[in-house]
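Printed here is work08.cif (mmCIF, C-alpha atoms and all ligand atoms):
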data_upload
#
loop_
_atom_site.label_atom_id
_atom_site.label_comp_id
_atom_site.auth_asym_id
_atom_site.auth_seq_id
_atom_site.Cartn_x
_atom_site.Cartn_y
_atom_site.Cartn_z
CA MET I 715 88.07 111.37 113.69
CA VAL I 716 89.33 110.37 110.24
CA SER I 717 86.63 110.28 107.55
CA TYR I 718 87.21 107.91 104.67
CA TYR I 719 85.53 105.36 102.43
CA THR I 720 86.25 101.64 102.64
CA LEU I 721 85.93 98.45 100.62
CA ASP I 722 82.35 98.23 101.91
CA ASP I 723 81.35 101.46 100.16
CA VAL I 724 82.77 101.07 96.68
CA GLU I 725 82.17 98.49 93.94
CA THR I 726 85.36 96.61 92.96
CA GLU I 727 83.96 94.09 90.48
CA ASP I 728 86.11 93.95 87.31
CA LYS I 729 88.05 97.03 88.45
CA LEU I 730 91.81 97.34 88.13
CA VAL I 731 92.79 98.07 91.72
CA LEU I 732 96.13 99.32 93.02
CA MET I 733 96.68 98.41 96.67
CA ARG I 734 99.44 99.94 98.84
CA SER I 735 100.19 97.41 101.59
CA ASP I 736 103.09 97.27 104.00
CA LEU I 737 104.69 93.86 103.59
CA ASN I 738 107.95 95.04 105.19
CA THR I 739 109.14 92.14 107.35
CA PRO I 740 112.36 91.34 109.25
CA VAL I 741 114.60 88.88 107.39
CA ASP I 742 117.27 86.40 108.55
CA LYS I 743 120.86 86.23 107.28
CA SER I 744 119.80 84.23 104.21
CA GLY I 745 117.12 86.78 103.29
CA ASN I 746 114.18 84.61 104.42
CA LEU I 747 111.22 86.32 106.10
CA ILE I 748 111.29 85.72 109.86
CA GLU I 749 107.52 86.06 110.31
CA LYS I 750 104.45 86.81 108.20
CA VAL I 751 102.15 88.94 110.37
CA ARG I 752 101.91 91.84 107.89
CA LEU I 753 101.31 89.43 104.99
CA GLU I 754 98.45 87.82 106.91
CA GLU I 755 96.91 91.27 107.42
CA ALA I 756 97.30 92.15 103.71
CA ALA I 757 95.56 88.88 102.81
CA VAL I 758 92.37 90.06 104.55
CA SER I 759 91.84 92.92 102.06
CA LEU I 760 93.02 90.76 99.14
CA ARG I 761 90.34 88.14 99.86
CA ASP I 762 87.72 90.88 99.52
CA LEU I 763 89.13 91.90 96.16
CA SER I 764 88.60 88.51 94.54
CA ASP I 765 86.23 90.03 91.93
CA ALA I 766 88.86 92.63 90.88
CA MET I 767 92.29 92.61 89.22
CA THR I 768 94.66 93.67 91.99
CA VAL I 769 98.20 95.01 91.87
CA ILE I 770 99.93 95.20 95.26
CA ILE I 771 102.76 97.62 95.95
CA SER I 772 104.98 97.68 99.04
CA HIS I 773 108.43 98.59 100.27
CA GLN I 774 110.77 96.17 102.08
CA GLY I 775 113.61 97.29 104.34
CA ARG I 776 115.69 100.39 103.89
CA VAL I 777 118.18 101.11 101.10
CA GLY I 778 121.65 99.84 102.04
CA ARG I 779 120.42 97.59 104.87
CA PRO I 780 120.47 93.76 104.75
CA ASP I 781 116.65 93.71 104.79
CA PHE I 782 116.49 95.69 101.51
CA ILE I 783 115.49 92.73 99.32
CA GLU I 784 113.15 92.07 96.41
CA LEU I 785 109.60 90.85 97.02
CA GLU I 786 109.54 87.44 95.30
CA LYS I 787 109.37 85.55 98.61
CA HIS I 788 106.54 87.78 99.80
CA ALA I 789 104.51 86.83 96.71
CA ALA I 790 105.02 83.11 97.38
CA ILE I 791 103.90 83.44 101.02
CA LEU I 792 100.91 85.61 100.08
CA GLY I 793 99.93 82.93 97.55
CA GLN I 794 100.02 80.26 100.28
CA LEU I 795 97.92 82.43 102.59
CA LEU I 796 95.32 83.11 99.89
CA ASN I 797 95.42 79.61 98.49
CA ARG I 798 95.83 80.96 94.95
CA GLU I 799 98.68 82.21 92.84
CA VAL I 800 100.08 85.66 93.52
CA LYS I 801 102.05 86.70 90.46
CA TYR I 802 105.31 88.58 90.89
CA VAL I 803 107.27 90.82 88.55
CA ASP I 804 110.76 92.16 89.29
CA ASP I 805 109.84 95.57 87.96
CA ILE I 806 107.75 98.55 89.08
CA ILE I 807 107.27 101.07 86.28
CA GLY I 808 109.12 99.46 83.35
CA PRO I 809 107.63 97.63 80.32
CA LYS I 810 107.60 94.25 82.15
CA ALA I 811 105.43 95.61 84.96
CA ILE I 812 103.14 97.55 82.61
CA SER I 813 102.56 94.50 80.43
CA GLU I 814 101.82 92.23 83.45
CA ILE I 815 99.39 94.81 84.83
CA LYS I 816 97.55 95.13 81.51
CA ASN I 817 97.26 91.36 81.15
CA LEU I 818 95.67 90.77 84.56
CA LYS I 819 92.37 88.90 84.55
CA ARG I 820 89.51 89.04 87.03
CA GLY I 821 90.55 87.57 90.40
CA GLU I 822 94.28 87.72 89.67
CA VAL I 823 96.78 89.34 92.01
CA LEU I 824 100.17 90.76 90.98
CA LEU I 825 102.91 91.98 93.31
CA LEU I 826 105.42 94.52 91.96
CA ASP I 827 109.00 94.77 93.20
CA ASN I 828 110.31 96.64 96.27
CA LEU I 829 109.18 100.26 95.85
CA ARG I 830 112.32 101.64 97.48
CA LEU I 831 114.27 100.55 94.39
CA LEU I 832 112.83 103.77 92.98
CA ALA I 833 114.81 106.75 94.29
CA GLU I 834 111.64 108.86 94.33
CA GLU I 835 109.94 106.54 96.80
CA ASN I 836 112.60 107.33 99.40
CA LEU I 837 111.66 111.02 99.49
CA GLU I 838 109.25 112.81 101.83
CA LEU I 839 107.07 114.87 99.45
CA SER I 840 103.93 116.98 99.51
CA MET I 841 100.90 115.50 97.76
CA GLU I 842 101.45 117.69 94.67
CA GLU I 843 105.16 116.79 94.50
CA ALA I 844 104.33 113.09 94.95
CA ALA I 845 101.71 113.31 92.21
CA ASN I 846 104.38 114.70 89.91
CA THR I 847 106.87 111.86 90.36
CA ILE I 848 107.66 109.64 87.38
CA PHE I 849 106.58 106.63 89.49
CA VAL I 850 103.02 107.89 90.11
CA LYS I 851 102.60 109.37 86.62
CA LYS I 852 103.66 106.10 84.94
CA LEU I 853 101.12 103.99 86.80
CA TYR I 854 98.05 105.90 87.93
CA SER I 855 96.13 106.15 84.65
CA MET I 856 95.80 102.36 84.33
CA PHE I 857 93.88 102.02 87.62
CA ASP I 858 90.26 102.56 88.61
CA LEU I 859 90.75 102.55 92.36
CA PHE I 860 93.49 102.88 94.98
CA VAL I 861 93.27 100.93 98.24
CA LEU I 862 95.46 102.34 101.00
CA ASP I 863 96.14 99.63 103.54
CA ALA I 864 99.72 100.31 104.67
CA PHE I 865 99.09 101.36 108.27
CA PRO I 866 102.74 100.82 109.36
CA THR I 867 103.81 103.33 106.68
CA ALA I 868 101.08 105.87 107.52
CA HIS I 869 103.71 108.33 108.84
CA ARG I 870 105.64 108.47 105.58
CA SER I 871 104.70 111.11 102.99
CA HIS I 872 106.07 108.95 100.19
CA PRO I 873 104.71 108.97 96.61
CA SER I 874 103.14 105.51 97.04
CA ILE I 875 101.10 106.83 99.97
CA VAL I 876 100.13 110.39 99.04
CA GLY I 877 100.67 110.58 95.27
CA PHE I 878 97.95 108.36 93.79
CA PRO I 879 94.93 109.91 95.61
CA TYR I 880 95.65 113.06 93.60
CA TYR I 881 94.42 111.25 90.48
CA ILE I 882 92.35 108.21 91.47
CA PRO I 883 89.80 107.55 94.23
CA ALA I 884 91.46 106.20 97.38
CA ILE I 885 89.70 104.10 99.99
CA ALA I 886 90.87 102.38 103.18
CA GLY I 887 91.69 98.67 103.23
CA ARG I 888 90.70 96.29 106.04
CA LEU I 889 93.90 96.75 108.06
CA ILE I 890 93.46 100.53 108.25
CA VAL I 891 89.91 100.04 109.50
CA ARG I 892 90.99 97.45 112.11
CA GLU I 893 93.82 99.62 113.41
CA LEU I 894 91.74 102.79 113.54
CA LYS I 895 88.80 101.07 115.25
CA GLY I 896 91.13 99.57 117.86
CA LEU I 897 93.02 102.78 118.49
CA THR I 898 89.90 104.94 118.68
CA ARG I 899 88.47 102.56 121.29
CA ILE I 900 91.73 102.58 123.23
CA THR I 901 91.91 106.37 123.43
CA GLN I 902 88.57 106.32 125.27
CA PHE I 903 89.99 104.08 128.00
CA GLU I 904 93.59 105.23 128.26
CA LYS I 905 94.63 106.72 131.58
CA GLY I 906 97.87 107.46 133.45
CA PRO I 907 100.37 106.54 134.57
CA TYR I 908 101.67 105.80 131.08
CA THR I 909 104.41 103.19 130.72
CA THR I 910 106.30 102.53 127.49
CA ILE I 911 108.40 99.38 127.09
CA LEU I 912 110.87 99.72 124.24
CA GLY I 913 113.14 97.00 122.88
CA GLY I 914 114.29 95.44 119.63
CA THR I 915 117.23 96.49 117.51
CA LYS I 916 116.17 99.76 115.79
CA VAL I 917 117.61 102.11 118.46
CA GLY I 918 117.31 105.24 116.31
CA ASP I 919 113.57 104.69 115.87
CA ARG I 920 113.15 103.99 119.60
CA ILE I 921 114.96 107.18 120.62
CA GLU I 922 112.73 109.16 118.27
CA ALA I 923 109.64 107.37 119.59
CA MET I 924 110.34 107.91 123.26
CA THR I 925 111.19 111.57 122.72
CA ALA I 926 107.82 112.11 120.99
CA LEU I 927 105.89 110.20 123.65
CA ILE I 928 107.60 111.88 126.64
CA LYS I 929 107.14 115.35 125.14
CA ASN I 930 103.44 114.67 124.54
CA GLY I 931 102.81 113.46 128.07
CA LYS I 932 102.33 109.84 126.93
CA ALA I 933 105.27 108.26 128.76
CA ASP I 934 105.68 108.69 132.53
CA LYS I 935 108.07 105.74 132.53
CA VAL I 936 110.16 104.27 129.72
CA LEU I 937 111.41 100.75 130.46
CA SER I 938 114.45 100.35 128.23
CA THR I 939 115.28 96.82 127.06
CA GLY I 940 116.98 95.18 124.06
CA ARG I 941 119.66 97.21 122.28
CA LEU I 942 118.09 100.44 123.60
CA GLY I 943 118.71 99.27 127.19
CA LEU I 944 122.38 98.67 126.33
CA LEU I 945 122.67 102.06 124.64
CA PHE I 946 121.40 103.83 127.78
CA LEU I 947 123.68 101.81 130.07
CA ILE I 948 126.69 102.66 127.90
CA ALA I 949 125.63 106.33 127.66
CA ALA I 950 125.37 106.41 131.47
CA GLY I 951 128.87 104.91 131.81
CA LYS I 952 127.52 101.78 133.57
CA LEU I 953 128.46 99.23 130.90
CA SER I 954 131.21 98.89 128.38
CA GLN I 955 130.15 96.88 125.33
CA GLN I 956 130.56 97.26 121.61
CA LEU I 957 127.86 99.21 119.76
CA SER I 958 127.46 99.16 115.99
CA ASP I 959 128.50 102.37 114.18
CA GLU I 960 124.84 103.16 113.60
CA GLU I 961 123.94 102.64 117.28
CA ALA I 962 126.91 104.73 118.44
CA ARG I 963 125.46 107.68 116.52
CA TYR I 964 122.66 107.82 119.13
CA LEU I 965 124.90 107.96 122.22
CA ALA I 966 124.67 111.76 122.47
CA ALA I 967 120.86 111.64 122.13
CA ALA I 968 120.70 108.95 124.84
CA ARG I 969 122.87 111.06 127.18
CA TYR I 970 120.66 114.08 126.54
CA LEU I 971 117.50 112.10 127.37
CA LEU I 972 119.06 110.70 130.55
CA ASP I 973 119.99 114.22 131.69
CA GLU I 974 116.65 115.70 130.74
CA TYR I 975 114.33 112.94 132.04
CA PRO I 976 116.24 111.05 134.77
CA SER I 977 113.11 109.86 136.58
CA VAL I 978 111.37 108.67 133.37
CA ILE I 979 114.00 106.37 131.86
CA GLU I 980 114.53 103.01 133.56
CA MET I 981 117.62 100.97 132.73
CA PRO I 982 118.30 97.25 133.35
CA HIS I 983 120.07 96.34 136.62
CA ASP I 984 121.11 92.92 135.38
CA LEU I 985 121.55 91.33 131.95
CA ALA I 986 121.70 87.88 130.36
CA TYR I 987 124.43 86.96 127.90
CA MET I 988 125.60 83.89 125.99
CA ASP I 989 128.61 82.17 127.58
CA ALA I 990 131.35 80.26 125.72
CA ASP I 991 129.15 77.10 125.74
CA GLY I 992 126.22 78.94 124.17
CA GLN I 993 124.30 78.94 127.47
CA ARG I 994 122.37 81.75 129.16
CA LYS I 995 124.31 83.41 131.95
CA GLU I 996 123.07 86.30 134.12
CA ALA I 997 125.09 89.04 135.82
CA GLU I 998 124.69 92.45 137.45
CA VAL I 999 125.35 95.12 134.81
CA LYS I 1000 128.76 96.05 136.28
CA SER I 1001 129.91 92.38 136.19
CA VAL I 1002 128.97 91.58 132.57
CA PRO I 1003 132.23 90.51 130.84
CA LYS I 1004 133.42 92.71 127.97
CA GLY I 1005 132.80 91.42 124.44
CA VAL I 1006 130.02 88.92 125.28
CA LYS I 1007 126.72 88.78 123.37
CA VAL I 1008 124.08 90.36 125.63
CA LEU I 1009 120.73 88.96 124.48
CA ASP I 1010 118.26 89.59 127.32
CA ILE I 1011 117.54 91.54 130.49
CA GLY I 1012 118.12 89.65 133.74
CA GLU I 1013 115.53 88.23 136.14
CA LYS I 1014 115.83 91.08 138.68
CA THR I 1015 115.12 93.62 135.94
CA ILE I 1016 112.18 91.52 134.73
CA LYS I 1017 110.69 91.57 138.25
CA ARG I 1018 111.27 95.32 138.70
CA TYR I 1019 109.79 96.17 135.28
CA SER I 1020 106.81 93.85 135.93
CA ARG I 1021 106.01 95.78 139.14
CA ILE I 1022 106.00 99.06 137.18
CA ILE I 1023 103.71 97.50 134.54
CA LYS I 1024 101.32 96.33 137.27
CA GLY I 1025 100.98 99.87 138.63
CA SER I 1026 100.37 101.45 135.20
CA GLY I 1027 97.12 102.81 133.74
CA THR I 1028 98.22 102.41 130.10
CA VAL I 1029 101.08 100.32 128.72
CA PHE I 1030 102.55 100.59 125.25
CA MET I 1031 105.09 97.96 124.23
CA SER I 1032 107.15 98.04 121.02
CA GLY I 1033 110.08 95.81 120.03
CA PRO I 1034 111.07 92.60 121.87
CA PRO I 1035 113.04 92.98 125.16
CA SER I 1036 115.22 89.96 124.27
CA ALA I 1037 116.48 87.95 121.30
CA PHE I 1038 113.58 85.56 121.94
CA GLU I 1039 114.25 83.52 118.81
CA VAL I 1040 117.53 82.33 120.41
CA LYS I 1041 117.01 79.33 122.73
CA GLY I 1042 117.42 80.34 126.39
CA PHE I 1043 116.76 84.03 125.74
CA GLU I 1044 112.95 84.01 125.51
CA LEU I 1045 112.53 84.99 129.16
CA GLY I 1046 112.54 88.81 129.03
CA THR I 1047 110.17 89.00 126.05
CA GLU I 1048 107.78 86.34 127.36
CA GLU I 1049 107.68 87.53 130.99
CA LEU I 1050 107.12 91.20 130.16
CA LEU I 1051 104.44 90.29 127.61
CA LEU I 1052 102.73 88.13 130.23
CA SER I 1053 102.91 90.99 132.75
CA VAL I 1054 101.26 93.32 130.23
CA ALA I 1055 98.57 90.74 129.43
CA LYS I 1056 97.78 90.09 133.12
CA SER I 1057 97.78 93.74 134.22
CA SER I 1058 94.59 95.80 134.39
CA ALA I 1059 96.27 98.53 132.32
CA THR I 1060 94.96 99.45 128.88
CA SER I 1061 97.47 97.72 126.62
CA ILE I 1062 98.84 98.32 123.13
CA VAL I 1063 101.49 96.02 121.71
CA SER I 1064 103.12 96.70 118.37
CA GLY I 1065 105.39 95.04 115.83
CA GLY I 1066 105.72 91.69 114.10
CA HIS I 1067 108.24 90.16 116.52
CA LEU I 1068 105.99 90.72 119.52
CA SER I 1069 102.94 89.50 117.58
CA THR I 1070 104.80 86.27 116.86
CA ALA I 1071 105.77 85.90 120.54
CA MET I 1072 102.17 86.55 121.61
CA GLN I 1073 100.84 83.95 119.19
CA ARG I 1074 103.26 81.47 120.75
CA LEU I 1075 102.08 82.39 124.28
CA LYS I 1076 98.42 82.48 123.13
CA ILE I 1077 97.81 85.83 124.80
CA SER I 1078 96.91 88.03 121.80
CA ASN I 1079 93.29 88.19 123.03
CA TRP I 1080 94.46 89.55 126.36
CA ILE I 1081 95.90 92.68 124.80
CA ASP I 1082 93.54 95.59 124.09
CA HIS I 1083 95.09 96.46 120.74
CA VAL I 1084 97.69 94.57 118.75
CA SER I 1085 99.13 96.84 116.07
CA THR I 1086 101.20 96.00 113.01
CA ALA I 1087 102.93 99.38 113.15
CA GLY I 1088 105.99 100.82 114.89
CA GLY I 1089 106.82 104.43 113.96
CA ALA I 1090 103.36 105.18 112.55
CA LEU I 1091 101.68 104.06 115.76
CA ILE I 1092 103.97 106.23 117.87
CA GLN I 1093 103.17 109.22 115.69
CA TYR I 1094 99.46 108.44 116.10
CA LEU I 1095 99.73 108.01 119.89
CA SER I 1096 101.67 111.25 120.25
CA GLY I 1097 98.88 113.06 118.40
CA LYS I 1098 100.77 114.01 115.24
CA PRO I 1099 98.92 113.95 111.86
CA LEU I 1100 99.62 110.99 109.59
CA PRO I 1101 100.04 111.62 105.82
CA LEU I 1102 98.16 108.41 104.94
CA PHE I 1103 95.03 109.58 106.78
CA GLU I 1104 95.32 113.03 105.25
CA ALA I 1105 95.45 111.37 101.82
CA LEU I 1106 92.35 109.28 102.62
CA GLU I 1107 90.45 112.35 103.84
CA TYR I 1108 91.46 114.36 100.79
CA SER I 1109 90.22 111.57 98.55
CA ALA I 1110 86.97 111.10 100.50
CA SER I 1111 86.03 114.74 100.02
CA ARG I 1112 86.82 114.55 96.29
CA ILE I 1113 84.82 111.32 95.91
CA LYS I 1114 81.88 113.00 97.69
CA GLU I 1115 82.04 115.94 95.31
CA ASN I 1116 82.46 113.70 92.23
CA GLN I 1117 85.77 115.34 91.38
CA TYR I 1118 87.62 112.35 89.97
CA GLN I 1119 87.53 111.71 86.25
CA GLU I 1120 86.20 108.18 86.78
CA LYS I 1121 83.25 108.20 89.17
CA VAL I 1122 83.16 105.56 91.87
CA ILE I 1123 80.31 103.09 91.75
CA TRP I 1124 78.72 102.76 95.18
CA ARG I 1125 78.23 99.26 96.46
CA GLN I 1126 74.59 98.25 96.85
CA GLN I 1127 73.95 97.64 100.54
CA GLU I 1128 72.76 94.08 101.10
CA ILE I 1129 70.17 93.78 103.86
C1 LIG I 1201 107.89 99.98 109.61
O1 LIG I 1201 108.28 98.80 109.68
O2 LIG I 1201 107.86 100.74 110.59
C2 LIG I 1201 107.31 100.45 108.30
O3 LIG I 1201 107.35 99.46 107.34
C3 LIG I 1201 108.00 101.70 107.82
O4 LIG I 1201 109.34 101.41 107.53
P1 LIG I 1201 110.42 102.59 107.56
O5 LIG I 1201 110.57 102.99 109.01
O6 LIG I 1201 111.67 101.99 106.98
O7 LIG I 1201 109.87 103.72 106.74
#
Have the structure of the file written as structure tokens, please.
Ligand code: 3PG
Amino acid sequence: MVSYYTLDDVETEDKLVLMRSDLNTPVDKSGNLIEKVRLEEAAVSLRDLSDAMTVIISHQGRVGRPDFIELEKHAAILGQLLNREVKYVDDIIGPKAISEIKNLKRGEVLLLDNLRLLAEENLELSMEEAANTIFVKKLYSMFDLFVLDAFPTAHRSHPSIVGFPYYIPAIAGRLIVRELKGLTRITQFEKGPYTTILGGTKVGDRIEAMTALIKNGKADKVLSTGRLGLLFLIAAGKLSQQLSDEEARYLAAARYLLDEYPSVIEMPHDLAYMDADGQRKEAEVKSVPKGVKVLDIGEKTIKRYSRIIKGSGTVFMSGPPSAFEVKGFELGTEELLLSVAKSSATSIVSGGHLSTAMQRLKISNWIDHVSTAGGALIQYLSGKPLPLFEALEYSASRIKENQYQEKVIWRQQEI
């Protein structure tokens, strides 16, 4: 049980508040955000900070990847969601950012630029090391309070997560509370057999995730879909398709997992690809033509996977099984989501893509817990400690013992 303080406990009126959110969102080829689930979640805490001056910090993408972009578009969308201006500055610790922070007035919100522009933010550090970074030292003394709300980054021991609580009181934002409440409830109901459905494009993350879950007894079956499904088929010598250089790096790991856990990992029997006319075409794995764009699992695989879902006690689904944003290739994602929603299994669905698909199908209420996180959730489900929660607990004990220079003002309970 994590013990922490929240926005309900501490007075924020006229305080200068630093809030670590996770606004990291998939982007299209032109750098536009594909969905806004994490921004909607951040808006919940921001609405409750309307009596404060709030500075939001977040990362976006990974250095060197196409999704590593600045946060100007995020500020505009947050502004629309909040129905008020969200200021943006293309700076983090330089004079421009410092001056914007100092000039904030009550009720104003300012978003700083992508934190991963700072080399230090890309390092895994201890709390003391993080507290000693130039990034944290430049900013912390201006703020009265730190709100940690970046649940999807809870598994990263980055300066923006663990550094600030060393100096200023840290409390949990609304998203942390929602996720923890949901997950605590779930763990009371979870039961075997455990089925994990993994899809999407981040194969490295999925390989890591399934290894952790299998080793911790939380995956009796892994239904591979999306790029992960293709990776396993290629590793097993059943399919010959082009992998990206990055994906090819995981072939050895996929082969190892197939050897080690042959009865756990399920691979597609048939696939759907785009033909020369841009239409959906299905084929048995061995008959899929070389060089085509495989964008979905086939109908036979959907039926087989749905039967496994039906017989499960707990289902965890992360990453879409198909490229559901491409017309004609919604089937795998929609059908497997519907199978999860209809089953009597305890269900956890994670990630922005699947949240968007669920909103479209209007089945979000049928899932026991919808999480914004990927890697952090997997670390939580496999029972590993999360640096963000450790930082919150550290801060809670210091707040209790009045060990921060600025004392927190407790909120008066309204009855
Ligand atoms: C995520 O999307 O899982 C979080 O934003 C963390 O991103 P990262 O895996 O690049 O650290």
Quick one: contact table of segment 764-880 of chain I to segment 1102-1123 of chain I, 9 Å max, nearest atom pair and distance in Å to one decimal per residue, counting all atoms listed in the file, chain and number order, as JSON lines?
{"residue": "I:Met841", "atom": "CA", "partner": "I:Ala1105", "partner_atom": "CA", "distance": 8.0}
{"residue": "I:Asp858", "atom": "CA", "partner": "I:Glu1120", "partner_atom": "CA", "distance": 7.2}
{"residue": "I:Leu859", "atom": "CA", "partner": "I:Val1122", "partner_atom": "CA", "distance": 8.2}
{"residue": "I:Leu862", "atom": "CA", "partner": "I:Leu1102", "partner_atom": "CA", "distance": 7.7}
{"residue": "I:Ala864", "atom": "CA", "partner": "I:Leu1102", "partner_atom": "CA", "distance": 8.3}
{"residue": "I:Phe865", "atom": "CA", "partner": "I:Leu1102", "partner_atom": "CA", "distance": 7.9}
{"residue": "I:Thr867", "atom": "CA", "partner": "I:Leu1102", "partner_atom": "CA", "distance": 7.8}
{"residue": "I:Ala868", "atom": "CA", "partner": "I:Leu1102", "partner_atom": "CA", "distance": 4.7}
{"residue": "I:His869", "atom": "CA", "partner": "I:Leu1102", "partner_atom": "CA", "distance": 6.8}
{"residue": "I:Arg870", "atom": "CA", "partner": "I:Leu1102", "partner_atom": "CA", "distance": 7.5}
{"residue": "I:Ser871", "atom": "CA", "partner": "I:Leu1102", "partner_atom": "CA", "distance": 7.3}
{"residue": "I:Ile875", "atom": "CA", "partner": "I:Leu1102", "partner_atom": "CA", "distance": 6.0}
{"residue": "I:Val876", "atom": "CA", "partner": "I:Ala1105", "partner_atom": "CA", "distance": 5.5}
{"residue": "I:Gly877", "atom": "CA", "partner": "I:Ala1105", "partner_atom": "CA", "distance": 8.4}
{"residue": "I:Phe878", "atom": "CA", "partner": "I:Ala1105", "partner_atom": "CA", "distance": 8.9}
{"residue": "I:Pro879", "atom": "CA", "partner": "I:Ser1109", "partner_atom": "CA", "distance": 5.8}
{"residue": "I:Tyr880", "atom": "CA", "partner": "I:Ser1109", "partner_atom": "CA", "distance": 7.5}
Would you work out the distance separating atom CA of Arg752 of chain I from atom CA of Leu737 of chain I, expressed in Å to one decimal?
->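 Taking atom CA of Arg752 of chain I as the start and atom CA of Leu737 of chain I as the end point, the length is 5.5 Å.
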Find the nearest atom pair between each residue of chain I and ligand LIG 1201 (chain I) for residues within 9 Å, count only C-alpha atoms and all ligand atoms, give distances in Å to one decimal, sort rows by chain and ascending number, and present the table as a tab-separated table.
residue	atom	partner	partner_atom	distance
I:Asp736	CA	I:LIG1201	O3	5.8
I:Leu737	CA	I:LIG1201	O3	7.2
I:Asn738	CA	I:LIG1201	O3	5.0
I:Thr739	CA	I:LIG1201	O1	7.1
I:Pro740	CA	I:LIG1201	O1	8.5
I:Ser772	CA	I:LIG1201	O3	8.8
I:His773	CA	I:LIG1201	O3	7.2
I:Gln774	CA	I:LIG1201	O3	7.1
I:Gly775	CA	I:LIG1201	O6	5.7
I:Arg776	CA	I:LIG1201	O6	5.3
I:Val777	CA	I:LIG1201	O6	8.8
I:Asn836	CA	I:LIG1201	O7	8.6
I:Ala864	CA	I:LIG1201	O3	8.1
I:Phe865	CA	I:LIG1201	C2	8.3
I:Pro866	CA	I:LIG1201	C2	4.7
I:Thr867	CA	I:LIG1201	C3	4.6
I:Ala868	CA	I:LIG1201	C3	8.1
I:His869	CA	I:LIG1201	C3	8.0
I:Arg870	CA	I:LIG1201	O7	6.5
I:Asp919	CA	I:LIG1201	O5	7.7
I:Gly1065	CA	I:LIG1201	O1	7.8
I:Gly1066	CA	I:LIG1201	O1	8.8
I:Thr1086	CA	I:LIG1201	O1	8.3
I:Ala1087	CA	I:LIG1201	O2	5.7
I:Gly1088	CA	I:LIG1201	O2	4.7
I:Gly1089	CA	I:LIG1201	O2	5.1
I:Ala1090	CA	I:LIG1201	O2	6.6
I:Leu1091	CA	I:LIG1201	O2	8.7
Residues near segment 806-816 of chain I, cut-off 7 Å, all atoms listed in the file, skip fewer than 6 positions along chain, as number ranges by chain = I: 826-827, 849, 852-853
Please, which residues are within 9 Å of (83.4, 104.1, 98.9) by the file's coordinates, counting all atoms listed in the file, and could they come as a compact mmCIF listing (two decimals) with C-alpha atoms, keeping the file's coordinate frame?
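What follows is the written file out_30.txt:
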# COMPACT_ATOMS: atom_id res chain seq x y z
CA TYR I 718 87.21 107.91 104.67
CA TYR I 719 85.53 105.36 102.43
CA THR I 720 86.25 101.64 102.64
CA LEU I 721 85.93 98.45 100.62
CA ASP I 722 82.35 98.23 101.91
CA ASP I 723 81.35 101.46 100.16
CA VAL I 724 82.77 101.07 96.68
CA GLU I 725 82.17 98.49 93.94
CA PRO I 883 89.80 107.55 94.23
CA ALA I 884 91.46 106.20 97.38
CA ILE I 885 89.70 104.10 99.99
CA ALA I 886 90.87 102.38 103.18
CA ALA I 1110 86.97 111.10 100.50
CA ILE I 1113 84.82 111.32 95.91
CA VAL I 1122 83.16 105.56 91.87
CA ILE I 1123 80.31 103.09 91.75
CA TRP I 1124 78.72 102.76 95.18
CA ARG I 1125 78.23 99.26 96.46
Atom CA of Val1006 of chain I to atom CA of Asp959 of chain I, straight-line distance in Å =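 These atoms are spaced 17.5 Å apart.
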Atom pair atom CA of Glu974 of chain I / atom CA of Asp934 of chain I: separation (Å) |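 These two atoms are separated by 13.1 Å.
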Point out the residue among I:Ala1037, I:Ile1062, I:Met856, I:Val1084 with the least atom-to-atom distance to Tyr908 of chain I, counting all atoms listed in the file.
->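 Going through I:Ala1037, I:Ile1062, I:Met856, I:Val1084 one by one, the smallest distance to Tyr908 of chain I is for I:Ile1062.
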Long-range neighbours of segment 801-804 of chain I as a VMD selection string, 12 Å cut-off, all atoms listed in the file, 3 positions minimum in chain | chain I and resid 767 to 771 783 to 794 798 807 to 815 817 to 819 821 to 829 831
Could you check which of I:Pro1003, I:Pro1101, I:Gly913, I:Pro780 is closest to Val1063 of chain I, using all atoms listed in the file?
-> I:Gly913
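Between Ser1026 of chain I and the candidates I:Met715, I:Val936, I:Leu837, I:Ala1071, the tightest atom-to-atom separation, counting only C-alpha atoms, involves I:Val936.
By chain and then residue number, the residues within 9 Å of Leu1068 of chain I are Met1031, Ser1032, Gly1033, Pro1034, Thr1047 and Leu1051 of chain I, counting all atoms listed in the file and disregarding those fewer than 6 positions away in sequence.
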Given all atoms listed in the file as the counted atoms, nearest of I:Val1040, I:Leu912, I:Val861, I:Leu1075 to Val891 of chain I |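 Smallest distance to Val891 of chain I is found for I:Val861.
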Counting all atoms listed in the file, what are the residues of segment 924-955 of chain I within 12 Å of segment 996-1002 of chain I, and for each of them which pair of atoms is the nearest and at what distance in Å, to one decimal? Sort the table by chain and rising number, as a Markdown table.
| residue | atom | partner | partner_atom | distance |
| --- | --- | --- | --- | --- |
| I:Gly943 | CA | I:Val999 | CA | 10.9 |
| I:Leu944 | CA | I:Val999 | CA | 9.7 |
| I:Phe946 | CA | I:Val999 | CA | 11.9 |
| I:Leu947 | CA | I:Val999 | CA | 8.4 |
| I:Ile948 | CA | I:Val999 | CA | 10.3 |
| I:Ala950 | CA | I:Val999 | CA | 11.8 |
| I:Gly951 | CA | I:Lys1000 | CA | 9.9 |
| I:Lys952 | CA | I:Lys1000 | CA | 6.5 |
| I:Leu953 | CA | I:Lys1000 | CA | 6.3 |
| I:Ser954 | CA | I:Val1002 | CA | 8.7 |
| I:Gln955 | CA | I:Val1002 | CA | 9.0 |
Write only C-alpha atoms for segment 889-893 of chain I from the block just shown, as a short mmCIF file (atom, residue, chain, number, x, y, z; two decimals), in the first residue's frame.
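As a result, selection.cif now contains:
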data_model
loop_
_atom_site.label_atom_id
_atom_site.label_comp_id
_atom_site.auth_asym_id
_atom_site.auth_seq_id
_atom_site.Cartn_x
_atom_site.Cartn_y
_atom_site.Cartn_z
CA LEU I 889 -4.32 10.50 -12.26
CA ILE I 890 -2.03 8.75 -9.77
CA VAL I 891 -4.96 8.40 -7.37
CA ARG I 892 -7.29 7.06 -10.10
CA GLU I 893 -4.74 4.53 -11.33
#
